[in-house]
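Everything below belongs to upload-v4.txt, which stores compact mmCIF, C-alpha atoms.
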# COMPACT_ATOMS: atom_id res chain seq x y z
CA MET E 6 3.07 10.39 33.70
CA ASP E 7 6.82 10.12 33.63
CA VAL E 8 8.51 13.44 32.87
CA LYS E 9 11.53 11.74 31.32
CA LEU E 10 9.33 10.63 28.42
CA VAL E 11 8.98 14.26 27.40
CA ASN E 12 12.63 14.81 26.59
CA PRO E 13 12.57 12.69 23.41
CA PHE E 14 9.83 14.99 22.05
CA ILE E 15 11.61 18.22 23.05
CA ASP E 16 14.90 16.92 21.67
CA ALA E 17 13.19 16.03 18.40
CA PHE E 18 11.79 19.54 18.15
CA THR E 19 15.13 21.24 18.84
CA THR E 20 16.98 18.90 16.43
CA VAL E 21 14.58 18.73 13.50
CA LEU E 22 13.59 22.38 13.18
CA PRO E 23 17.13 23.74 12.62
CA GLN E 24 17.51 21.12 9.85
CA MET E 25 14.57 22.78 8.10
CA GLY E 26 16.07 26.25 8.31
CA PHE E 27 14.69 27.49 11.65
CA PRO E 28 16.79 28.97 14.45
CA THR E 29 17.17 26.61 17.42
CA PRO E 30 13.85 26.62 19.31
CA GLN E 31 13.80 27.46 23.00
CA ARG E 32 11.64 25.84 25.63
CA THR E 33 9.67 28.57 27.37
CA GLY E 34 7.27 26.61 29.51
CA MET E 35 6.28 23.21 30.83
CA THR E 36 3.17 22.37 32.81
CA VAL E 37 1.25 19.31 33.87
CA ASN E 38 -2.37 19.62 32.75
CA ASN E 39 -5.49 17.64 33.31
CA GLN E 40 -8.02 19.81 31.46
CA ASN E 41 -8.60 19.28 27.77
CA ALA E 42 -6.21 21.23 25.59
CA VAL E 43 -7.74 24.11 23.64
CA SER E 44 -6.88 24.51 19.98
CA GLN E 45 -4.98 27.67 19.13
CA GLY E 46 -6.10 27.35 15.52
CA VAL E 47 -4.12 24.46 14.07
CA ALA E 48 -3.56 21.25 16.02
CA VAL E 49 -2.00 18.06 14.71
CA ILE E 50 -2.60 14.80 16.55
CA VAL E 51 -0.17 11.91 16.11
CA GLY E 52 -0.79 8.63 17.90
CA PHE E 53 1.84 6.09 18.87
CA THR E 54 1.79 2.54 20.19
CA LYS E 55 3.93 -0.52 20.92
CA GLU E 56 5.95 -0.43 24.13
CA ILE E 57 4.28 2.79 25.25
CA ARG E 58 0.98 4.11 23.90
CA GLY E 59 -0.27 7.64 23.68
CA ASN E 60 -0.75 10.76 21.62
CA VAL E 61 1.18 13.91 20.93
CA VAL E 62 -0.43 17.14 19.76
CA TYR E 63 1.36 20.04 18.06
CA ASN E 64 -0.84 23.03 18.75
CA MET E 65 -0.24 26.47 17.26
CA SER E 66 -1.97 29.54 15.89
CA GLU E 67 -2.75 29.73 12.19
CA ASP E 68 -0.18 32.54 11.89
CA THR E 69 2.50 30.33 13.38
CA ALA E 70 1.45 27.47 11.10
CA LYS E 71 1.76 29.77 8.07
CA PHE E 72 5.17 31.00 9.26
CA ILE E 73 6.40 27.42 9.70
CA ALA E 74 4.99 26.28 6.35
CA SER E 75 6.57 29.25 4.60
CA THR E 76 10.00 28.58 6.14
CA MET E 77 9.73 24.89 5.25
CA MET E 78 8.97 25.88 1.66
CA MET E 79 12.14 27.95 1.36
CA GLY E 80 10.48 31.22 2.27
CA MET E 81 7.67 30.95 -0.24
CA PRO E 82 4.93 33.34 0.89
CA VAL E 83 1.96 31.57 2.48
CA GLU E 84 -1.06 33.86 2.31
CA SER E 85 -3.69 31.42 3.47
CA PHE E 86 -3.46 28.16 5.33
CA ASP E 87 -4.22 26.17 2.19
CA GLU E 88 -3.74 22.53 1.31
CA MET E 89 -0.06 22.92 0.58
CA ALA E 90 0.57 24.65 3.90
CA GLN E 91 -1.50 21.96 5.65
CA SER E 92 0.65 19.28 4.01
CA ALA E 93 3.78 21.04 5.23
CA ILE E 94 2.52 21.15 8.85
CA SER E 95 1.40 17.49 8.65
CA GLU E 96 4.80 16.53 7.31
CA MET E 97 6.60 18.49 10.02
CA SER E 98 4.50 16.73 12.69
CA ASN E 99 5.32 13.40 11.11
CA MET E 100 9.05 14.16 11.07
CA LEU E 101 9.04 15.43 14.66
CA THR E 102 7.21 12.38 15.96
CA ALA E 103 9.31 9.94 13.93
CA ASN E 104 12.42 11.60 15.36
CA ALA E 105 10.95 11.41 18.88
CA ALA E 106 10.25 7.71 18.25
CA THR E 107 13.93 7.20 17.41
CA ASN E 108 14.87 8.99 20.63
CA LEU E 109 12.46 6.79 22.59
CA THR E 110 14.09 3.69 21.08
CA ALA E 111 17.36 4.89 22.57
CA LEU E 112 15.62 4.74 25.98
CA GLY E 113 14.64 1.15 25.20
CA LEU E 114 11.04 2.06 24.28
CA GLU E 115 10.12 1.12 20.76
CA VAL E 116 7.07 2.90 19.30
CA ASP E 117 5.29 2.98 15.95
CA ILE E 118 3.59 6.24 14.95
CA SER E 119 0.35 6.82 13.08
CA THR E 120 -0.22 9.22 10.22
CA PRO E 121 -0.83 12.77 11.51
CA SER E 122 -4.38 14.14 11.78
CA LEU E 123 -4.47 17.88 11.23
CA THR E 124 -7.36 19.87 12.66
CA VAL E 125 -8.20 23.49 11.97
CA GLY E 126 -10.70 25.66 13.85
CA SER E 127 -10.93 28.07 16.71
CA ASP E 128 -11.30 27.27 20.39
CA PHE E 129 -12.22 23.62 20.02
CA GLN E 130 -11.10 21.17 22.65
CA ILE E 131 -8.63 18.34 22.27
CA LYS E 132 -8.67 15.42 24.64
CA ILE E 133 -5.72 13.06 24.54
CA SER E 134 -5.78 11.63 28.03
CA ASN E 135 -8.11 10.67 30.83
CA GLU E 136 -5.41 11.64 33.27
CA GLN E 137 -2.65 14.18 33.33
CA TYR E 138 -0.60 15.09 30.32
CA LEU E 139 2.41 17.29 29.81
CA CYS E 140 2.32 20.56 27.99
CA VAL E 141 5.58 22.06 26.72
CA VAL E 142 5.77 25.44 25.03
CA MET E 143 8.51 25.97 22.47
CA ASP E 144 9.45 29.31 21.00
CA VAL E 145 10.53 29.42 17.34
CA SER E 146 11.53 32.92 16.20
CA GLY E 147 8.91 34.46 18.48
CA HIS E 148 6.24 31.96 17.44
CA GLN E 149 4.87 29.61 20.07
CA VAL E 150 4.23 25.94 19.46
CA GLU E 151 2.57 23.99 22.26
CA ILE E 152 3.41 20.28 22.43
CA ASP E 153 0.96 18.17 24.45
CA ILE E 154 2.15 14.70 25.30
CA ALA E 155 0.01 11.97 26.86
CA VAL E 156 1.33 8.51 27.62
CA GLN E 157 -0.99 5.81 28.89
CA GLN E 158 0.28 4.21 32.07
CA MET M 25 -11.46 -1.70 -14.94
CA GLU M 26 -9.37 -4.14 -16.97
CA LYS M 27 -9.60 -7.83 -16.11
CA VAL M 28 -6.75 -9.27 -14.08
CA LYS M 29 -5.50 -12.61 -15.46
CA VAL M 30 -5.07 -15.53 -13.09
CA MET M 31 -3.46 -18.92 -13.73
CA VAL M 32 -4.59 -21.76 -11.44
CA VAL M 33 -2.08 -24.54 -10.79
CA ASP M 34 -3.51 -27.57 -8.99
CA ASP M 35 -3.46 -31.30 -9.66
CA SER M 36 -7.03 -31.69 -8.39
CA ARG M 37 -9.75 -30.91 -10.89
CA ILE M 38 -12.17 -30.08 -8.07
CA SER M 39 -9.74 -27.56 -6.58
CA ARG M 40 -9.25 -25.90 -9.96
CA MET M 41 -13.02 -25.70 -10.41
CA MET M 42 -13.48 -24.22 -6.94
CA VAL M 43 -10.98 -21.43 -7.54
CA SER M 44 -12.38 -20.57 -10.96
CA SER M 45 -15.96 -20.51 -9.66
CA MET M 46 -14.94 -18.16 -6.82
CA LEU M 47 -13.44 -15.79 -9.35
CA ALA M 48 -16.34 -16.11 -11.79
CA LYS M 49 -18.16 -12.89 -10.89
CA THR M 50 -15.11 -10.81 -10.08
CA ASN M 51 -12.64 -8.68 -11.89
CA PHE M 52 -10.29 -11.67 -12.07
CA GLU M 53 -10.32 -13.92 -15.09
CA VAL M 54 -8.86 -17.41 -15.14
CA CYS M 55 -6.65 -17.40 -18.25
CA ALA M 56 -5.03 -20.80 -17.75
CA MET M 57 -5.29 -23.93 -15.63
CA ALA M 58 -2.38 -26.32 -15.15
CA GLU M 59 -2.33 -29.70 -13.44
CA ASN M 60 1.41 -30.18 -13.16
CA SER M 61 4.59 -28.16 -12.98
CA ALA M 62 5.68 -28.62 -16.61
CA GLU M 63 2.30 -27.49 -17.88
CA ALA M 64 2.34 -24.53 -15.48
CA VAL M 65 5.67 -23.25 -16.79
CA ALA M 66 4.57 -23.67 -20.44
CA LEU M 67 1.21 -21.97 -19.87
CA TYR M 68 2.81 -19.16 -17.86
CA ALA M 69 5.10 -18.34 -20.77
CA LYS M 70 2.19 -18.52 -23.21
CA THR M 71 -0.56 -16.62 -21.31
CA LYS M 72 1.51 -14.22 -19.10
CA PRO M 73 -0.92 -14.15 -16.17
CA ASP M 74 -0.88 -11.26 -13.65
CA VAL M 75 -0.99 -13.68 -10.74
CA VAL M 76 -0.75 -17.45 -10.14
CA THR M 77 -2.44 -19.61 -7.51
CA MET M 78 -0.14 -22.52 -6.73
CA ASP M 79 -0.88 -25.84 -5.06
CA MET M 80 1.90 -27.49 -3.03
CA ASN M 81 1.42 -31.05 -4.25
CA LEU M 82 1.98 -31.52 -7.95
CA PRO M 83 2.76 -34.84 -9.65
CA ASP M 84 6.08 -33.85 -11.27
CA ALA M 85 7.55 -31.29 -8.82
CA ASP M 86 6.23 -29.51 -5.74
CA GLY M 87 4.73 -26.01 -5.74
CA ILE M 88 7.95 -24.46 -4.47
CA GLU M 89 9.99 -25.99 -7.27
CA CYS M 90 7.34 -24.94 -9.78
CA THR M 91 7.54 -21.37 -8.38
CA ARG M 92 11.32 -21.39 -8.91
CA ARG M 93 10.86 -22.49 -12.53
CA ILE M 94 8.30 -19.75 -13.18
CA HIS M 95 10.54 -17.16 -11.54
CA ALA M 96 13.36 -18.31 -13.79
CA ILE M 97 11.37 -17.11 -16.80
CA ASP M 98 9.74 -14.10 -15.04
CA PRO M 99 11.42 -12.86 -11.85
CA LYS M 100 8.43 -10.54 -11.25
CA ALA M 101 5.85 -13.35 -11.30
CA LYS M 102 3.30 -13.00 -8.49
CA ILE M 103 2.46 -16.31 -6.89
CA VAL M 104 0.12 -17.17 -4.04
CA MET M 105 0.34 -20.63 -2.56
CA ILE M 106 -2.91 -22.40 -1.74
CA SER M 107 -2.25 -25.66 0.02
CA ALA M 108 -3.65 -27.99 2.65
CA MET M 109 -0.58 -27.47 4.79
CA LYS M 110 0.60 -24.08 5.99
CA ASP M 111 3.40 -24.12 8.50
CA ALA M 112 6.43 -22.01 9.31
CA LYS M 113 8.86 -24.22 7.38
CA LEU M 114 6.73 -24.20 4.25
CA ILE M 115 6.27 -20.43 4.47
CA MET M 116 10.00 -19.89 4.87
CA GLN M 117 10.91 -22.13 1.93
CA GLY M 118 8.13 -20.59 -0.14
CA ARG M 119 9.21 -17.02 0.63
CA MET M 120 12.75 -17.85 -0.44
CA ALA M 121 11.42 -19.26 -3.70
CA GLY M 122 9.42 -16.06 -4.27
CA ILE M 123 5.91 -16.90 -3.12
CA GLY M 124 4.19 -13.69 -2.07
CA SER M 125 1.33 -14.99 0.02
CA PHE M 126 0.07 -18.22 1.59
CA LEU M 127 -3.47 -19.47 1.97
CA GLN M 128 -4.72 -22.67 3.51
CA LYS M 129 -7.38 -24.93 1.97
CA PRO M 130 -10.31 -24.59 2.15
CA VAL M 131 -10.02 -20.98 1.03
CA SER M 132 -12.99 -18.66 1.43
CA THR M 133 -13.98 -16.49 -1.50
CA ASN M 134 -13.27 -13.30 0.44
CA GLU M 135 -9.87 -14.48 1.54
CA LEU M 136 -8.91 -15.42 -2.01
CA ILE M 137 -10.15 -12.20 -3.57
CA ASP M 138 -8.61 -10.03 -0.85
CA THR M 139 -5.27 -11.73 -1.28
CA LEU M 140 -5.30 -11.46 -5.07
CA MET M 141 -6.35 -7.80 -4.80
CA ILE M 142 -3.44 -6.99 -2.52
CA MET M 143 -0.98 -8.86 -4.74
CA CYS M 144 -2.24 -7.15 -7.87
CA ASN M 145 -2.78 -3.71 -6.41
CA GLU M 146 -0.79 -2.13 -9.21
CA ASN M 147 -3.24 -3.71 -11.65
CA VAL M 148 -6.44 -2.91 -9.79
CA GLY M 149 -5.20 0.29 -8.17
CA ALA M 150 -4.62 1.17 -4.52
CA VAL M 151 -8.04 2.79 -4.19
CA ALA M 152 -9.86 -0.43 -5.11
CA VAL M 153 -7.66 -2.47 -2.77
CA TYR M 154 -8.32 -0.15 0.16
CA ARG M 155 -12.00 -0.02 -0.55
CA GLU M 156 -12.62 -3.73 -1.12
CA SER M 157 -10.18 -5.21 1.33
CA TYR M 158 -10.22 -2.73 4.19
CA VAL M 159 -13.00 -0.18 4.15
CA THR M 160 -15.81 -2.68 3.56
CA THR M 161 -14.65 -4.48 6.70
CA PHE M 162 -14.72 -1.22 8.66
CA ALA M 163 -18.23 -0.53 7.38
CA LYS M 164 -19.47 -4.00 8.36
CA VAL M 165 -17.92 -3.73 11.80
CA LEU M 166 -19.43 -0.26 12.27
CA GLN M 167 -22.88 -1.59 11.42
CA GLN M 168 -22.52 -4.64 13.69
CA SER M 169 -21.07 -2.56 16.52
CA LEU M 170 -23.92 -0.07 16.39
CA VAL M 171 -26.15 -3.04 17.17
CA SER M 172 -23.92 -4.62 19.80
CA ILE M 173 -22.80 -1.42 21.57
CA PHE M 174 -25.82 0.85 21.19
CA GLY M 175 -28.61 -1.55 20.19
CA ILE M 176 -29.46 0.36 17.01
CA GLN M 177 -29.94 -0.66 13.40
CA SER M 178 -28.41 1.36 10.61
CA GLU M 179 -28.04 1.69 6.89
CA VAL M 180 -24.42 2.01 5.86
CA GLU M 181 -22.99 3.64 2.76
CA ILE M 182 -19.39 3.87 1.60
CA SER M 183 -17.98 6.49 -0.73
CA GLN M 184 -14.50 7.66 -1.57
CA ASN M 185 -13.74 11.00 0.02
CA GLU M 186 -13.11 13.40 -2.84
CA GLU M 187 -12.54 16.43 -0.64
CA SER M 188 -9.35 16.63 1.33
CA VAL M 189 -11.13 17.88 4.45
CA LEU M 190 -13.88 16.67 6.79
CA HIS M 191 -16.17 19.06 8.63
CA VAL M 192 -16.82 18.20 12.25
CA ASP M 193 -19.51 19.83 14.38
CA GLY M 194 -19.74 18.00 17.65
CA VAL M 195 -17.25 15.30 18.49
CA ALA M 196 -14.63 13.31 16.58
CA ALA M 197 -12.62 10.42 18.00
CA VAL M 198 -9.42 9.99 16.00
CA ILE M 199 -7.64 6.65 16.17
CA GLY M 200 -4.31 6.11 14.45
CA ILE M 201 -3.39 2.92 12.62
CA VAL M 202 0.22 1.80 12.59
CA GLY M 203 1.80 -1.11 10.76
CA GLU M 204 1.01 -1.93 7.16
CA PRO M 205 -0.86 0.03 5.85
CA LYS M 206 -0.67 3.13 8.05
CA GLY M 207 -3.61 5.43 8.44
CA ARG M 208 -6.23 6.73 10.79
CA VAL M 209 -9.92 6.42 11.52
CA ALA M 210 -12.15 9.30 12.59
CA LEU M 211 -15.55 8.51 14.12
CA TYR M 212 -17.61 11.67 14.30
CA MET M 213 -21.13 13.01 14.79
CA ASP M 214 -23.03 16.04 16.01
CA SER M 215 -23.62 16.69 19.73
CA GLU M 216 -27.23 15.58 19.71
CA THR M 217 -26.33 12.21 18.20
CA MET M 218 -23.44 11.93 20.65
CA TYR M 219 -25.75 12.35 23.66
CA SER M 220 -28.40 9.96 22.30
CA LEU M 221 -25.85 7.29 21.46
CA SER M 222 -23.87 7.53 24.67
CA LYS M 223 -27.06 7.30 26.76
CA ALA M 224 -28.03 4.20 24.79
CA MET M 225 -24.54 2.79 25.32
CA LEU M 226 -24.78 3.34 29.08
CA GLY M 227 -28.34 2.00 29.32
CA MET M 228 -29.77 5.39 30.31
CA ASP M 229 -33.13 6.89 29.39
CA PRO M 230 -33.20 9.78 26.89
CA GLN M 231 -34.30 12.24 29.62
CA ASP M 232 -31.49 11.24 32.02
CA ASP M 233 -28.61 13.67 32.58
CA LEU M 234 -25.21 12.84 31.17
CA SER M 235 -22.22 15.17 31.38
CA ALA M 236 -20.42 16.26 28.23
CA ASP M 237 -17.25 14.58 29.51
CA GLU M 238 -18.98 11.25 29.92
CA ALA M 239 -20.73 11.46 26.56
CA GLU M 240 -17.43 12.28 24.81
CA ALA M 241 -15.70 9.44 26.65
CA ALA M 242 -18.43 7.04 25.48
CA ILE M 243 -17.93 8.01 21.82
CA GLU M 244 -14.16 7.81 22.24
CA GLU M 245 -14.49 4.30 23.63
CA ALA M 246 -16.90 3.31 20.86
CA GLY M 247 -14.37 4.55 18.27
CA ASN M 248 -11.67 2.56 19.99
CA ILE M 249 -13.76 -0.63 20.07
CA ILE M 250 -14.97 -0.35 16.46
CA THR M 251 -11.51 0.38 15.08
CA GLY M 252 -9.95 -2.37 17.18
CA ARG M 253 -12.48 -4.93 15.98
CA ALA M 254 -12.11 -3.98 12.33
CA VAL M 255 -8.32 -4.07 12.50
CA SER M 256 -8.36 -7.48 14.24
CA ARG M 257 -10.63 -8.85 11.57
CA ILE M 258 -8.35 -7.59 8.80
CA ASN M 259 -5.28 -8.97 10.60
CA ASP M 260 -7.02 -12.36 10.72
CA VAL M 261 -7.40 -12.39 6.94
CA PHE M 262 -3.92 -11.15 6.10
CA LYS M 263 -1.81 -13.26 8.38
CA ASP M 264 1.43 -11.62 7.39
CA LYS M 265 0.21 -8.05 7.92
CA GLU M 266 -0.20 -6.65 11.34
CA MET M 267 -1.96 -3.38 11.95
CA ARG M 268 -2.28 -1.96 15.44
CA ILE M 269 -4.15 1.04 16.75
CA THR M 270 -3.07 4.01 18.83
CA PRO M 271 -5.14 5.39 21.72
CA PRO M 272 -7.91 7.75 20.62
CA GLY M 273 -7.51 11.49 20.57
CA THR M 274 -10.79 13.39 20.64
CA VAL M 275 -11.66 16.82 19.31
CA ILE M 276 -14.77 18.58 20.56
CA GLY M 277 -16.29 21.79 19.25
CA SER M 278 -17.99 23.39 16.34
CA ASP M 279 -16.75 24.14 12.86
CA ILE M 280 -13.65 21.98 13.06
CA ILE M 281 -11.87 20.98 9.90
CA LEU M 282 -10.08 17.67 9.90
CA SER M 283 -7.59 17.70 7.07
CA ASN M 284 -5.56 14.82 5.70
CA PRO M 285 -4.32 15.82 2.28
CA GLU M 286 -1.90 12.92 2.11
CA LEU M 287 -4.44 10.16 2.76
CA ILE M 288 -6.63 8.11 0.45
CA SER M 289 -9.79 8.18 2.49
CA PHE M 290 -13.32 6.86 2.45
CA ASN M 291 -16.50 8.10 4.08
CA VAL M 292 -18.67 5.56 5.78
CA VAL M 293 -22.04 6.90 6.87
CA ALA M 294 -24.34 4.92 9.15
CA LYS M 295 -27.84 6.36 9.12
CA THR M 296 -29.58 5.63 12.40
CA SER M 297 -32.73 6.76 14.17
CA TYR M 298 -30.45 8.79 16.50
CA GLY M 299 -28.82 10.66 13.64
CA ASN M 300 -25.92 10.02 11.30
CA VAL M 301 -22.75 8.39 12.53
CA PHE M 302 -19.78 9.19 10.29
CA MET M 303 -16.59 7.24 10.03
CA ASN M 304 -13.75 8.29 7.79
CA VAL M 305 -11.10 5.66 7.14
CA GLY M 306 -7.90 6.95 5.58
CA PHE M 307 -4.69 5.25 4.51
CA ALA M 308 -1.32 6.67 3.60
CA ARG M 309 -0.75 6.76 -0.15
CA GLY M 310 1.40 3.95 -1.52
CA VAL M 311 0.59 0.48 -0.15
What would the structure in this file look like if it were written as structure tokens?
Amino acid sequence: MDVKLVNPFIDAFTTVLPQMGFPTPQRTGMTVNNQNAVSQGVAVIVGFTKEIRGNVVYNMSEDTAKFIASTMMMGMPVESFDEMAQSAISEMSNMLTANAATNLTALGLEVDISTPSLTVGSDFQIKISNEQYLCVVMDVSGHQVEIDIAVQQ
Amino acid sequence: MEKVKVMVVDDSRISRMMVSSMLAKTNFEVCAMAENSAEAVALYAKTKPDVVTMDMNLPDADGIECTRRIHAIDPKAKIVMISAMKDAKLIMQGRMAGIGSFLQKPVSTNELIDTLMIMCNENVGAVAVYRESYVTTFAKVLQQSLVSIFGIQSEVEISQNEESVLHVDGVAAVIGIVGEPKGRVALYMDSETMYSLSKAMLGMDPQDDLSADEAEAAIEEAGNIITGRAVSRINDVFKDKEMRITPPGTVIGSDIILSNPELISFNVVAKTSYGNVFMNVGFARGV
């Protein structure tokens, strides 16, 4: 898949998170994978379609998810990854993907995004592509968020 | 649930009878019938219907003019046009006059009820609209597809999902829905059912070997086909709505929670001789 399609997703991540009170995230890794992704605890799948079709997954540990949810809720303590915290992570994934969609439009590729599907569990597999997909690791205050991006050719 | 009042405007007595008989056993109640534009305006003011079905050809003014006159007394009036003709020009003129939806004669009962449900969703509630107009179609398509894809019969049940999470042990194919309304479908089952179904799909014998990858891919493709068919069928009914689907994403493992707190969702269970096939259909809140 085309590496240039990844930038809209990375740009969305580095633009949207500071707006929600996070320090600017740093990209710490990028690989091309063909094995199924493995859940780190919390994984949100968002599908998109129109001029390009595919899926993006935001994959993180439950600790990271709680940290993000807490920051999004103005520092409110998040003891367990409850429904409110799940809503926050779903909403973040929605905002990130909507922002990436806007960035893709700037490249002349219009996409519509689905509602996010949040999954919780340990070590389960996530398959978003029959072929290769790109895996980007972003660091937010020492917390790692993996972004898996698959675009159908 | 409170009855939703409908006024039928049509110069043909037969057409008026057809519409009222279609609504006879439903939650809609015909509160007035008018055979011309003047009568329609007078009866609208008197009976205050929730929705109006409007014919195009009326003896004293056409359906578009009649719509304008009704909107003059109630700008929020909900009007669906039912006419023999339905073309781009008519739709454009009708939209400008404030007609919300267009149906072509002869109208099927389902089409009429679905359209009235959507138009009156604030009266009947979003849950009922989703259930009656969307989820029942998904359930029918699931049942038919189990026959056409896997060659198995099933009993299908629909219930509203009261919990905000689904528990998956095995495989779940998740397919996003974009357009209006937005949502997602999850087709899921345990591993044993996955293997049995995918072997049936591929024409294999139960004792044949099938890799996990291939079995998962079969369920993913089945989810894709079933969702695509259901969405196409719904798009055919609501000509001015277009839903599309995103490629499937699949999760595989045990003890997975699929959470969608912000969706109104429904569980569809198909009981088959190979085990239960679950489909959860969820839509974003707010039609």
Review point. What is the atom CA of Ala42 of chain E to atom CA of Phe302 of chain M distance in Å?
Key: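 Computed distance, atom CA of Ala42 of chain E to atom CA of Phe302 of chain M, equals 23.7 Å.
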Practice item. Could you please select, counting all atoms listed in the file, the residues of chain M within 9 Å of chain E and state them as number ranges by chain? Key: M: 188, 198-203, 206-208, 241, 268-287, 307-308
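Minimum atom-to-atom distance to Val37 of chain E, evaluated using all atoms listed in the file, belongs to E:Gln137 out of E:Thr102, E:Thr20, E:Gln137, E:Thr76.
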Practice item. Go through M:His95, M:Val292, M:Ile88, M:Asp214 and flag the residue nearest Lys113 of chain M, using all atoms listed in the file for the distances. Key: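 For Lys113 of chain M, the nearest of the candidates is M:Ile88.
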Check your understanding: Between M:Ala294, M:Ala85, M:Met218, M:Ile250, which has the minimum distance to Ser183 of chain M (counting all atoms listed in the file)?
Key -> M:Ala294
Review point. At what distance in Å, to one decimal, does atom CA of Glu84 of chain E lie from atom CA of Pro23 of chain E?
Key: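 Between atom CA of Pro23 of chain E and atom CA of Glu84 of chain E the gap works out to 23.2 Å.
In this model, the gap between atom CA of Asp153 of chain E and atom CA of Leu139 of chain E comes to 5.6 Å.
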Practice item. Give me the residues within 6 Å of Glu53 of chain M as number ranges by chain, counting only C-alpha atoms and dropping any in the same chain fewer than 2 places off. Key: M: 28-30, 55
Point to revise | All residues 6 Å or closer to Val141 of chain E, only C-alpha atoms, same chain fewer than 4 positions away omitted, as a list in words | key: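 Once the nearby chain positions are removed, what remains is Gly34, Met35, Glu151 and Ile152 of chain E.
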Centre and edges of the segment 67-72 of chain E box, axis-aligned, 6 Å extra per side, as lines of an AutoDock Vina configuration file:
center_x = 1.2
center_y = 30.0
center_z = 10.7
size_x = 19.9
size_y = 17.1
size_z = 17.3
Exercise for review: May I ask which of the residues M:Met120, M:Cys144, M:Val293, M:Met31 is the closest one to Val65 of chain M, counting all atoms listed in the file?
Suggested key: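 Residue with the minimum atom-to-atom distance to Val65 of chain M: M:Met31.
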Review point. Using only C-alpha atoms, which of E:Val83, E:Ile73, E:Leu101, E:Ala111 sits nearest His148 of chain E?
Key: E:Ile73
